[in-house]
Amino acid sequence: MKTLSIKKQTKILCAVLAIFALAQSVYAYPPDNAAVLYYRTALVYESNDVTEHKLSDFIKGKIELDEDIEKLVEKNRHAIDFALDAAEVTNCDWGMDLSKGYKMIFPHYGALKHIARLILVEARIIASQGDYEIALDRCLSGHKMARHISDRIMISYLVGVASAGMTNNCIQQILGEMPEDMETLNWLRSKLLSMESRPFSLKVCVTAEANVALSAMYPEKAEQALEISGMSDSESVLSKETAKRIRNADEEFYKRNRDYHQNLNNRIMDALDLPYQQAYVKLKQVCERPAAEFDENPDATLSRVFSPAVQTIYSLGVQGKTQNNAVRAAVEIYRIKARTGSLPDELPADLPKDLFSGEDFEYAKNDDGFILTCRGRDLYKDELCEYAFKTR
């Protein structure tokens with residue numbers, strides 16, 4: 001999908017913000033739509049590439065807090081406050097017009113991801129001052145933001161998953177630094193469990209993406225399809241002959257292509273209900289089908305252009321949900337240590353599972369704390385994911 005210049009995006013966001021604001025009571029704060037505050041956040045956020053790299057390194061524990069980072073946090077106090085307020089609002093309607101298809105205007109996802117990172121930076125600063133519950137509450141705001149972002153289209157799902165991953169990494173670090181405080185651990189346990197009442201939903205995004213693609217499969221939108229396929233680039237998936245066929249095709253050609261794409265989407269939705277290992281293999285087969293059939297089946301022409309690599313996005317989503325489960329399982333282990341004074345020798349029963357295998361994590365103690373390792377492989381990365389947790 002095409003993106004616009006930052007300047008043009010800002011003008012559009014201002015206009016959208018004004019429309020949203022008119023629909024609200026002049027006395028209502030926060031508004032009942034979190035998107036209003038997120039749009040404000042994107043408008044007032046200030047940063048630069050150099051500092052963004054520093055923020056990333058700081059929340060990963062690679063560098064120490066310095067003056068540049070502290071200044072950036074203070075400079076963006078309004079942006080942080082808007083985002084924290086937005087995270088507490090249940091409803092989040094971004095006002096995206098899916099009927100515009102691939103010409104629709106997206107929220108400024110880049111700025112939102114940067115703001116999520118900045119909130120985690122502040123969480124790390126607060127934790128360093130010993131206010132661990134407040135620091136963890138900042139992290140929970142990051143999780144709420146991720147869920148607000150994620151359930152629209154594929155790109156929003158990926159941004160949401162990435163933001164949740166950053167948040168979980170921050171929680172892991174804070175858990176390894178904080179003293180054994182059963183009250184805080186019980187509070188965090190309850191909050192993380194409540195997050196699971198609104199899990200990430202790839203199905204919503206797959207359906208929305210399919211509807212956007214289907215809306216572009218009409219004769220009058222032939223040029224849009226060719227633009228998406230990259231016909232102006234040397235790496236286009238379509239030949240000049242195919243492009244000519246798309247331009248000159250009748251309505252029957254487009255109808256058959258829509259039917260083919262709808263069938264493809266139905267197969268994807270069915271695959272998403274399978275256990276991970278089966279689902280990944282099935283999704284890979286389904287998503288590669290248009291390319292495999294392209295030469296012999298004209299009905300696959302437009303699906304060759306519009307079909308995303310759902311198996312990859314699905315794997316990233318499962319990895320994100322599995323990390324969520326690992327953090328929740330780790331909290332239970334920290335609770336045992338807080339109660340007994342030592343880590344358990346074996347993983348307790350009935351903890352959240354490794355979603356790559358559907359089984360319990362493999363648990364091992366080490367000199368720094370403990371590690372939770374997946375028993376099933378991430379087929380996209382061809383590796384076993386593991387999550388290290390430190391203890392004081």
# chains A, B, ... in the order shown; residues from 1 in each chain; ligands from 1
>>> residues_around(residues="A:Met96", least_positions_apart="2", cutoff="9 Å", atoms="only C-alpha atoms", output="JSON, numbers by chain")
{"A": [93, 94, 98, 99, 100, 104, 105, 106, 107, 152]}
>>> residues_around(residues="A:Thr90", least_positions_apart="3", cutoff="10 Å", atoms="only C-alpha atoms", output="MDAnalysis selection string")
chainID A and resid 32:34 86:87 144 148
>>> residues_around(residues="stretch 123-132 of chain A", least_positions_apart="6", cutoff="8 Å", atoms="only C-alpha atoms", output="list of chain:residue names")
A:Ile59, A:Leu65, A:Arg138, A:Cys139, A:Cys170, A:Ile174, A:Met178
>>> write_last_selection(atoms="C-alpha atoms", output="JSON list (two decimals), in the first residue's frame")
[["chain", "number", "residue", "atom", "x", "y", "z"],
["A", 59, "ILE", "CA", 15.03, -0.22, 26.76],
["A", 65, "LEU", "CA", 20.33, 6.56, 30.64],
["A", 138, "ARG", "CA", 3.40, 2.08, 32.03],
["A", 139, "CYS", "CA", 4.17, -1.23, 30.36],
["A", 170, "CYS", "CA", 10.55, -4.28, 29.09],
["A", 174, "ILE", "CA", 11.76, -4.94, 35.25],
["A", 178, "MET", "CA", 12.52, -5.58, 41.24]]
>>> closest_atom_pairs(of="stretch 142-227 of chain A", to="stretch 350-374 of chain A", cutoff="12 Å", atoms="only C-alpha atoms", output="Markdown table")
| residue | atom | partner | partner_atom | distance |
| --- | --- | --- | --- | --- |
| A:Gln172 | CA | A:Ile371 | CA | 11.3 |
| A:Gln173 | CA | A:Gly369 | CA | 11.8 |
| A:Leu175 | CA | A:Gly369 | CA | 10.9 |
| A:Gly176 | CA | A:Gly369 | CA | 8.2 |
| A:Glu177 | CA | A:Gly369 | CA | 11.2 |
| A:Arg189 | CA | A:Leu351 | CA | 11.9 |
| A:Leu192 | CA | A:Pro352 | CA | 11.6 |
| A:Leu193 | CA | A:Pro352 | CA | 10.3 |
| A:Glu196 | CA | A:Pro352 | CA | 11.1 |
>>> select_by_dssp(residues="stretch 200-384 of chain A", states="helix (DSSP H, G or I)", output="mmCIF file with N, CA and C atoms, in the first residue's frame")
data_model
loop_
_atom_site.group_PDB
_atom_site.id
_atom_site.type_symbol
_atom_site.label_atom_id
_atom_site.label_comp_id
_atom_site.auth_asym_id
_atom_site.auth_seq_id
_atom_site.Cartn_x
_atom_site.Cartn_y
_atom_site.Cartn_z
ATOM 1 N N LEU A 202 -5.910 -11.933 14.175
ATOM 2 C CA LEU A 202 -5.475 -11.899 12.779
ATOM 3 C C LEU A 202 -6.657 -12.083 11.839
ATOM 4 N N LYS A 203 -7.675 -12.805 12.270
ATOM 5 C CA LYS A 203 -8.833 -13.056 11.411
ATOM 6 C C LYS A 203 -9.509 -11.752 10.989
ATOM 7 N N VAL A 204 -9.634 -10.813 11.918
ATOM 8 C CA VAL A 204 -10.242 -9.514 11.595
ATOM 9 C C VAL A 204 -9.451 -8.827 10.490
ATOM 10 N N CYS A 205 -8.116 -8.895 10.608
ATOM 11 C CA CYS A 205 -7.260 -8.218 9.633
ATOM 12 C C CYS A 205 -7.278 -8.924 8.277
ATOM 13 N N VAL A 206 -7.314 -10.254 8.288
ATOM 14 C CA VAL A 206 -7.376 -11.015 7.037
ATOM 15 C C VAL A 206 -8.660 -10.674 6.284
ATOM 16 N N THR A 207 -9.770 -10.612 7.014
ATOM 17 C CA THR A 207 -11.056 -10.278 6.379
ATOM 18 C C THR A 207 -11.034 -8.867 5.802
ATOM 19 N N ALA A 208 -10.519 -7.917 6.579
ATOM 20 C CA ALA A 208 -10.454 -6.526 6.093
ATOM 21 C C ALA A 208 -9.559 -6.428 4.867
ATOM 22 N N GLU A 209 -8.409 -7.106 4.909
ATOM 23 C CA GLU A 209 -7.471 -7.059 3.782
ATOM 24 C C GLU A 209 -8.096 -7.676 2.534
ATOM 25 N N ALA A 210 -8.845 -8.780 2.718
ATOM 26 C CA ALA A 210 -9.503 -9.419 1.582
ATOM 27 C C ALA A 210 -10.558 -8.494 0.972
ATOM 28 N N ASN A 211 -11.300 -7.805 1.834
ATOM 29 C CA ASN A 211 -12.327 -6.892 1.331
ATOM 30 C C ASN A 211 -11.708 -5.728 0.556
ATOM 31 N N VAL A 212 -10.559 -5.238 1.034
ATOM 32 C CA VAL A 212 -9.860 -4.168 0.321
ATOM 33 C C VAL A 212 -9.415 -4.676 -1.051
ATOM 34 N N ALA A 213 -8.863 -5.895 -1.085
ATOM 35 C CA ALA A 213 -8.413 -6.463 -2.360
ATOM 36 C C ALA A 213 -9.585 -6.672 -3.316
ATOM 37 N N LEU A 214 -10.693 -7.215 -2.798
ATOM 38 C CA LEU A 214 -11.861 -7.470 -3.649
ATOM 39 C C LEU A 214 -12.419 -6.167 -4.218
ATOM 40 N N SER A 215 -12.347 -5.087 -3.437
ATOM 41 C CA SER A 215 -12.863 -3.801 -3.913
ATOM 42 C C SER A 215 -12.038 -3.256 -5.076
ATOM 43 N N PRO A 219 -12.970 -3.639 -13.423
ATOM 44 C CA PRO A 219 -12.320 -3.089 -14.626
ATOM 45 C C PRO A 219 -11.866 -1.647 -14.466
ATOM 46 N N GLU A 220 -12.672 -0.834 -13.778
ATOM 47 C CA GLU A 220 -12.325 0.588 -13.651
ATOM 48 C C GLU A 220 -11.127 0.824 -12.722
ATOM 49 N N LYS A 221 -10.709 -0.234 -12.014
ATOM 50 C CA LYS A 221 -9.570 -0.085 -11.100
ATOM 51 C C LYS A 221 -8.351 -0.875 -11.583
ATOM 52 N N ALA A 222 -8.304 -1.133 -12.872
ATOM 53 C CA ALA A 222 -7.204 -1.908 -13.438
ATOM 54 C C ALA A 222 -5.852 -1.254 -13.172
ATOM 55 N N GLU A 223 -5.789 0.056 -13.324
ATOM 56 C CA GLU A 223 -4.506 0.749 -13.132
ATOM 57 C C GLU A 223 -4.041 0.687 -11.684
ATOM 58 N N GLN A 224 -5.002 0.662 -10.766
ATOM 59 C CA GLN A 224 -4.643 0.540 -9.357
ATOM 60 C C GLN A 224 -3.985 -0.808 -9.092
ATOM 61 N N ALA A 225 -4.543 -1.863 -9.684
ATOM 62 C CA ALA A 225 -3.955 -3.195 -9.527
ATOM 63 C C ALA A 225 -2.549 -3.239 -10.091
ATOM 64 N N LEU A 226 -2.352 -2.605 -11.225
ATOM 65 C CA LEU A 226 -1.027 -2.608 -11.853
ATOM 66 C C LEU A 226 -0.040 -1.781 -11.026
ATOM 67 N N GLU A 227 -0.535 -0.713 -10.421
ATOM 68 C CA GLU A 227 0.342 0.095 -9.568
ATOM 69 C C GLU A 227 0.787 -0.702 -8.346
ATOM 70 N N ILE A 228 -0.142 -1.436 -7.731
ATOM 71 C CA ILE A 228 0.191 -2.255 -6.575
ATOM 72 C C ILE A 228 1.162 -3.363 -6.952
ATOM 73 N N SER A 229 1.017 -3.895 -8.149
ATOM 74 C CA SER A 229 1.895 -4.991 -8.584
ATOM 75 C C SER A 229 3.315 -4.517 -8.855
ATOM 76 N N LYS A 240 4.478 -7.677 -19.029
ATOM 77 C CA LYS A 240 3.774 -6.661 -19.805
ATOM 78 C C LYS A 240 2.552 -7.254 -20.492
ATOM 79 N N GLU A 241 2.662 -8.518 -20.908
ATOM 80 C CA GLU A 241 1.521 -9.182 -21.552
ATOM 81 C C GLU A 241 0.357 -9.326 -20.571
ATOM 82 N N THR A 242 0.693 -9.692 -19.322
ATOM 83 C CA THR A 242 -0.349 -9.842 -18.306
ATOM 84 C C THR A 242 -0.975 -8.497 -17.980
ATOM 85 N N ALA A 243 -0.148 -7.463 -17.906
ATOM 86 C CA ALA A 243 -0.666 -6.119 -17.645
ATOM 87 C C ALA A 243 -1.649 -5.697 -18.733
ATOM 88 N N LYS A 244 -1.314 -6.029 -19.953
ATOM 89 C CA LYS A 244 -2.204 -5.698 -21.071
ATOM 90 C C LYS A 244 -3.522 -6.445 -20.940
ATOM 91 N N ARG A 245 -3.428 -7.720 -20.508
ATOM 92 C CA ARG A 245 -4.641 -8.521 -20.345
ATOM 93 C C ARG A 245 -5.531 -7.930 -19.265
ATOM 94 N N ILE A 246 -4.927 -7.449 -18.164
ATOM 95 C CA ILE A 246 -5.690 -6.850 -17.075
ATOM 96 C C ILE A 246 -6.388 -5.583 -17.555
ATOM 97 N N ARG A 247 -5.682 -4.769 -18.336
ATOM 98 C CA ARG A 247 -6.266 -3.511 -18.825
ATOM 99 C C ARG A 247 -7.445 -3.772 -19.771
ATOM 100 N N ASN A 248 -7.359 -4.840 -20.555
ATOM 101 C CA ASN A 248 -8.359 -5.081 -21.600
ATOM 102 C C ASN A 248 -9.422 -6.103 -21.195
ATOM 103 N N GLU A 251 -15.702 -7.741 -17.635
ATOM 104 C CA GLU A 251 -16.213 -7.917 -16.273
ATOM 105 C C GLU A 251 -16.168 -9.383 -15.839
ATOM 106 N N GLU A 252 -16.372 -10.312 -16.780
ATOM 107 C CA GLU A 252 -16.361 -11.731 -16.442
ATOM 108 C C GLU A 252 -14.995 -12.155 -15.892
ATOM 109 N N PHE A 253 -13.923 -11.644 -16.492
ATOM 110 C CA PHE A 253 -12.565 -11.929 -16.000
ATOM 111 C C PHE A 253 -12.427 -11.477 -14.549
ATOM 112 N N TYR A 254 -12.885 -10.267 -14.268
ATOM 113 C CA TYR A 254 -12.757 -9.726 -12.914
ATOM 114 C C TYR A 254 -13.640 -10.483 -11.930
ATOM 115 N N LYS A 255 -14.838 -10.910 -12.370
ATOM 116 C CA LYS A 255 -15.716 -11.679 -11.487
ATOM 117 C C LYS A 255 -15.064 -13.004 -11.118
ATOM 118 N N ARG A 256 -14.477 -13.694 -12.096
ATOM 119 C CA ARG A 256 -13.825 -14.972 -11.805
ATOM 120 C C ARG A 256 -12.638 -14.771 -10.868
ATOM 121 N N ASN A 257 -11.930 -13.666 -11.038
ATOM 122 C CA ASN A 257 -10.805 -13.370 -10.145
ATOM 123 C C ASN A 257 -11.285 -13.052 -8.731
ATOM 124 N N ARG A 258 -12.423 -12.372 -8.616
ATOM 125 C CA ARG A 258 -12.977 -12.102 -7.284
ATOM 126 C C ARG A 258 -13.400 -13.404 -6.612
ATOM 127 N N ASP A 259 -14.044 -14.283 -7.364
ATOM 128 C CA ASP A 259 -14.454 -15.580 -6.815
ATOM 129 C C ASP A 259 -13.246 -16.391 -6.356
ATOM 130 N N TYR A 260 -12.210 -16.369 -7.169
ATOM 131 C CA TYR A 260 -10.981 -17.099 -6.831
ATOM 132 C C TYR A 260 -10.388 -16.535 -5.526
ATOM 133 N N HIS A 261 -10.352 -15.213 -5.420
ATOM 134 C CA HIS A 261 -9.745 -14.582 -4.244
ATOM 135 C C HIS A 261 -10.583 -14.833 -2.990
ATOM 136 N N GLN A 262 -11.905 -14.826 -3.137
ATOM 137 C CA GLN A 262 -12.765 -15.107 -1.992
ATOM 138 C C GLN A 262 -12.562 -16.541 -1.510
ATOM 139 N N ASN A 263 -12.434 -17.463 -2.458
ATOM 140 C CA ASN A 263 -12.165 -18.858 -2.105
ATOM 141 C C ASN A 263 -10.828 -18.992 -1.387
ATOM 142 N N LEU A 264 -9.852 -18.244 -1.879
ATOM 143 C CA LEU A 264 -8.527 -18.241 -1.249
ATOM 144 C C LEU A 264 -8.632 -17.742 0.193
ATOM 145 N N ASN A 265 -9.394 -16.674 0.388
ATOM 146 C CA ASN A 265 -9.549 -16.112 1.730
ATOM 147 C C ASN A 265 -10.253 -17.098 2.661
ATOM 148 N N ASN A 266 -11.251 -17.808 2.143
ATOM 149 C CA ASN A 266 -11.954 -18.808 2.960
ATOM 150 C C ASN A 266 -10.993 -19.899 3.424
ATOM 151 N N ARG A 267 -10.080 -20.309 2.544
ATOM 152 C CA ARG A 267 -9.095 -21.326 2.913
ATOM 153 C C ARG A 267 -8.146 -20.800 3.992
ATOM 154 N N ILE A 268 -7.784 -19.535 3.876
ATOM 155 C CA ILE A 268 -6.916 -18.929 4.893
ATOM 156 C C ILE A 268 -7.615 -18.917 6.245
ATOM 157 N N MET A 269 -8.873 -18.509 6.263
ATOM 158 C CA MET A 269 -9.620 -18.450 7.518
ATOM 159 C C MET A 269 -9.747 -19.840 8.143
ATOM 160 N N ASP A 270 -9.976 -20.856 7.332
ATOM 161 C CA ASP A 270 -10.063 -22.224 7.849
ATOM 162 C C ASP A 270 -8.727 -22.667 8.450
ATOM 163 N N ALA A 271 -7.636 -22.301 7.788
ATOM 164 C CA ALA A 271 -6.307 -22.699 8.268
ATOM 165 C C ALA A 271 -5.985 -22.059 9.611
ATOM 166 N N TYR A 276 -0.785 -24.591 15.413
ATOM 167 C CA TYR A 276 0.235 -23.822 14.711
ATOM 168 C C TYR A 276 0.942 -24.587 13.609
ATOM 169 N N GLN A 277 1.512 -25.756 13.912
ATOM 170 C CA GLN A 277 2.332 -26.474 12.932
ATOM 171 C C GLN A 277 1.525 -26.789 11.665
ATOM 172 N N GLN A 278 0.280 -27.229 11.836
ATOM 173 C CA GLN A 278 -0.575 -27.528 10.687
ATOM 174 C C GLN A 278 -0.988 -26.235 9.971
ATOM 175 N N ALA A 279 -1.310 -25.219 10.768
ATOM 176 C CA ALA A 279 -1.781 -23.963 10.185
ATOM 177 C C ALA A 279 -0.707 -23.323 9.312
ATOM 178 N N TYR A 280 0.539 -23.309 9.781
ATOM 179 C CA TYR A 280 1.605 -22.662 9.017
ATOM 180 C C TYR A 280 1.793 -23.349 7.668
ATOM 181 N N VAL A 281 1.837 -24.688 7.682
ATOM 182 C CA VAL A 281 2.031 -25.436 6.434
ATOM 183 C C VAL A 281 0.866 -25.173 5.478
ATOM 184 N N LYS A 282 -0.358 -25.195 6.020
ATOM 185 C CA LYS A 282 -1.538 -24.975 5.184
ATOM 186 C C LYS A 282 -1.556 -23.555 4.615
ATOM 187 N N LEU A 283 -1.234 -22.568 5.441
ATOM 188 C CA LEU A 283 -1.224 -21.177 4.981
ATOM 189 C C LEU A 283 -0.184 -20.972 3.890
ATOM 190 N N LYS A 284 0.957 -21.604 4.059
ATOM 191 C CA LYS A 284 2.011 -21.477 3.056
ATOM 192 C C LYS A 284 1.532 -22.029 1.710
ATOM 193 N N GLN A 285 0.860 -23.170 1.763
ATOM 194 C CA GLN A 285 0.333 -23.770 0.534
ATOM 195 C C GLN A 285 -0.717 -22.867 -0.111
ATOM 196 N N VAL A 286 -1.633 -22.348 0.712
ATOM 197 C CA VAL A 286 -2.717 -21.519 0.196
ATOM 198 C C VAL A 286 -2.175 -20.214 -0.386
ATOM 199 N N CYS A 287 -1.247 -19.573 0.327
ATOM 200 C CA CYS A 287 -0.750 -18.268 -0.113
ATOM 201 C C CYS A 287 0.169 -18.374 -1.324
ATOM 202 N N GLU A 288 0.788 -19.526 -1.520
ATOM 203 C CA GLU A 288 1.639 -19.718 -2.693
ATOM 204 C C GLU A 288 0.845 -20.228 -3.895
ATOM 205 N N ARG A 289 -0.405 -20.557 -3.655
ATOM 206 C CA ARG A 289 -1.233 -21.130 -4.727
ATOM 207 C C ARG A 289 -1.387 -20.217 -5.942
ATOM 208 N N PRO A 290 -1.679 -18.913 -5.764
ATOM 209 C CA PRO A 290 -1.837 -18.060 -6.954
ATOM 210 C C PRO A 290 -0.602 -18.031 -7.843
ATOM 211 N N ALA A 291 0.590 -18.012 -7.244
ATOM 212 C CA ALA A 291 1.815 -18.002 -8.039
ATOM 213 C C ALA A 291 2.002 -19.330 -8.769
ATOM 214 N N ALA A 292 1.638 -20.434 -8.087
ATOM 215 C CA ALA A 292 1.796 -21.758 -8.698
ATOM 216 C C ALA A 292 0.828 -21.963 -9.861
ATOM 217 N N GLU A 293 -0.368 -21.376 -9.745
ATOM 218 C CA GLU A 293 -1.398 -21.582 -10.768
ATOM 219 C C GLU A 293 -1.428 -20.464 -11.810
ATOM 220 N N PRO A 298 -6.024 -18.108 -15.509
ATOM 221 C CA PRO A 298 -6.204 -16.643 -15.533
ATOM 222 C C PRO A 298 -6.966 -16.113 -14.323
ATOM 223 N N ASP A 299 -7.753 -16.996 -13.665
ATOM 224 C CA ASP A 299 -8.522 -16.565 -12.499
ATOM 225 C C ASP A 299 -7.617 -16.196 -11.320
ATOM 226 N N ALA A 300 -6.370 -16.652 -11.347
ATOM 227 C CA ALA A 300 -5.427 -16.390 -10.254
ATOM 228 C C ALA A 300 -4.634 -15.103 -10.469
ATOM 229 N N THR A 301 -4.888 -14.422 -11.562
ATOM 230 C CA THR A 301 -4.059 -13.266 -11.941
ATOM 231 C C THR A 301 -4.007 -12.207 -10.854
ATOM 232 N N LEU A 302 -5.163 -11.741 -10.391
ATOM 233 C CA LEU A 302 -5.185 -10.641 -9.439
ATOM 234 C C LEU A 302 -4.817 -11.087 -8.027
ATOM 235 N N SER A 303 -5.092 -12.341 -7.691
ATOM 236 C CA SER A 303 -4.663 -12.845 -6.385
ATOM 237 C C SER A 303 -3.139 -12.909 -6.310
ATOM 238 N N ARG A 304 -2.502 -13.097 -7.470
ATOM 239 C CA ARG A 304 -1.026 -13.061 -7.497
ATOM 240 C C ARG A 304 -0.526 -11.689 -7.047
ATOM 241 N N VAL A 305 -1.311 -10.660 -7.325
ATOM 242 C CA VAL A 305 -0.931 -9.297 -6.949
ATOM 243 C C VAL A 305 -1.288 -9.000 -5.495
ATOM 244 N N PHE A 306 -2.492 -9.415 -5.090
ATOM 245 C CA PHE A 306 -3.048 -8.930 -3.831
ATOM 246 C C PHE A 306 -2.904 -9.874 -2.644
ATOM 247 N N VAL A 310 0.455 -14.459 4.360
ATOM 248 C CA VAL A 310 -0.222 -14.580 5.651
ATOM 249 C C VAL A 310 0.532 -15.515 6.589
ATOM 250 N N GLN A 311 1.197 -16.550 6.041
ATOM 251 C CA GLN A 311 1.898 -17.486 6.909
ATOM 252 C C GLN A 311 2.990 -16.789 7.725
ATOM 253 N N THR A 312 3.644 -15.806 7.121
ATOM 254 C CA THR A 312 4.683 -15.055 7.831
ATOM 255 C C THR A 312 4.068 -14.200 8.931
ATOM 256 N N ILE A 313 3.006 -13.486 8.595
ATOM 257 C CA ILE A 313 2.335 -12.617 9.564
ATOM 258 C C ILE A 313 1.752 -13.457 10.696
ATOM 259 N N TYR A 314 1.188 -14.615 10.339
ATOM 260 C CA TYR A 314 0.631 -15.531 11.337
ATOM 261 C C TYR A 314 1.711 -15.994 12.314
ATOM 262 N N SER A 315 2.873 -16.352 11.800
ATOM 263 C CA SER A 315 3.970 -16.822 12.650
ATOM 264 C C SER A 315 4.423 -15.726 13.611
ATOM 265 N N LEU A 316 4.539 -14.507 13.102
ATOM 266 C CA LEU A 316 4.929 -13.392 13.967
ATOM 267 C C LEU A 316 3.892 -13.160 15.065
ATOM 268 N N GLY A 317 2.620 -13.322 14.713
ATOM 269 C CA GLY A 317 1.560 -13.175 15.707
ATOM 270 C C GLY A 317 1.614 -14.250 16.776
ATOM 271 N N VAL A 318 1.860 -15.495 16.364
ATOM 272 C CA VAL A 318 1.959 -16.589 17.330
ATOM 273 C C VAL A 318 3.165 -16.383 18.243
ATOM 274 N N GLN A 319 4.261 -15.881 17.659
ATOM 275 C CA GLN A 319 5.432 -15.600 18.489
ATOM 276 C C GLN A 319 5.085 -14.541 19.548
ATOM 277 N N GLY A 320 4.342 -13.504 19.137
ATOM 278 C CA GLY A 320 3.947 -12.468 20.084
ATOM 279 C C GLY A 320 3.060 -13.001 21.185
ATOM 280 N N LYS A 321 2.074 -13.825 20.826
ATOM 281 C CA LYS A 321 1.173 -14.398 21.835
ATOM 282 C C LYS A 321 1.911 -15.370 22.738
ATOM 283 N N THR A 322 2.879 -16.089 22.184
ATOM 284 C CA THR A 322 3.662 -17.026 22.993
ATOM 285 C C THR A 322 4.531 -16.268 23.993
ATOM 286 N N GLN A 323 5.078 -15.127 23.571
ATOM 287 C CA GLN A 323 5.851 -14.314 24.513
ATOM 288 C C GLN A 323 4.941 -13.782 25.620
ATOM 289 N N ASN A 324 3.718 -13.381 25.272
ATOM 290 C CA ASN A 324 2.749 -12.995 26.303
ATOM 291 C C ASN A 324 2.591 -14.116 27.330
ATOM 292 N N ASN A 325 2.423 -15.345 26.826
ATOM 293 C CA ASN A 325 2.240 -16.494 27.712
ATOM 294 C C ASN A 325 3.479 -16.757 28.557
ATOM 295 N N ALA A 326 4.654 -16.557 27.960
ATOM 296 C CA ALA A 326 5.897 -16.770 28.702
ATOM 297 C C ALA A 326 6.003 -15.782 29.859
ATOM 298 N N VAL A 327 5.626 -14.526 29.617
ATOM 299 C CA VAL A 327 5.669 -13.524 30.683
ATOM 300 C C VAL A 327 4.682 -13.876 31.789
ATOM 301 N N ARG A 328 3.487 -14.296 31.407
ATOM 302 C CA ARG A 328 2.493 -14.685 32.419
ATOM 303 C C ARG A 328 2.966 -15.894 33.219
ATOM 304 N N ALA A 329 3.567 -16.867 32.534
ATOM 305 C CA ALA A 329 4.109 -18.038 33.236
ATOM 306 C C ALA A 329 5.236 -17.631 34.177
ATOM 307 N N ALA A 330 6.071 -16.701 33.722
ATOM 308 C CA ALA A 330 7.200 -16.239 34.539
ATOM 309 C C ALA A 330 6.704 -15.562 35.814
ATOM 310 N N VAL A 331 5.622 -14.800 35.730
ATOM 311 C CA VAL A 331 5.075 -14.138 36.914
ATOM 312 C C VAL A 331 4.717 -15.175 37.972
ATOM 313 N N GLU A 332 4.159 -16.314 37.534
ATOM 314 C CA GLU A 332 3.824 -17.384 38.488
ATOM 315 C C GLU A 332 5.087 -17.927 39.148
ATOM 316 N N ILE A 333 6.149 -18.041 38.387
ATOM 317 C CA ILE A 333 7.417 -18.537 38.946
ATOM 318 C C ILE A 333 7.996 -17.519 39.929
ATOM 319 N N TYR A 334 7.931 -16.238 39.587
ATOM 320 C CA TYR A 334 8.384 -15.197 40.514
ATOM 321 C C TYR A 334 7.549 -15.208 41.793
ATOM 322 N N ARG A 335 6.266 -15.485 41.691
ATOM 323 C CA ARG A 335 5.400 -15.550 42.877
ATOM 324 C C ARG A 335 5.825 -16.690 43.787
ATOM 325 N N ILE A 336 6.197 -17.820 43.197
ATOM 326 C CA ILE A 336 6.667 -18.948 44.011
ATOM 327 C C ILE A 336 7.958 -18.568 44.741
ATOM 328 N N LYS A 337 8.851 -17.891 44.017
ATOM 329 C CA LYS A 337 10.108 -17.474 44.643
ATOM 330 C C LYS A 337 9.856 -16.471 45.764
ATOM 331 N N ALA A 338 8.902 -15.558 45.551
ATOM 332 C CA ALA A 338 8.591 -14.581 46.590
ATOM 333 C C ALA A 338 8.002 -15.257 47.827
ATOM 334 N N ARG A 339 7.261 -16.345 47.613
ATOM 335 C CA ARG A 339 6.607 -17.047 48.719
ATOM 336 C C ARG A 339 7.557 -17.999 49.443
ATOM 337 N N THR A 340 8.427 -18.685 48.685
ATOM 338 C CA THR A 340 9.255 -19.747 49.262
ATOM 339 C C THR A 340 10.718 -19.358 49.441
#
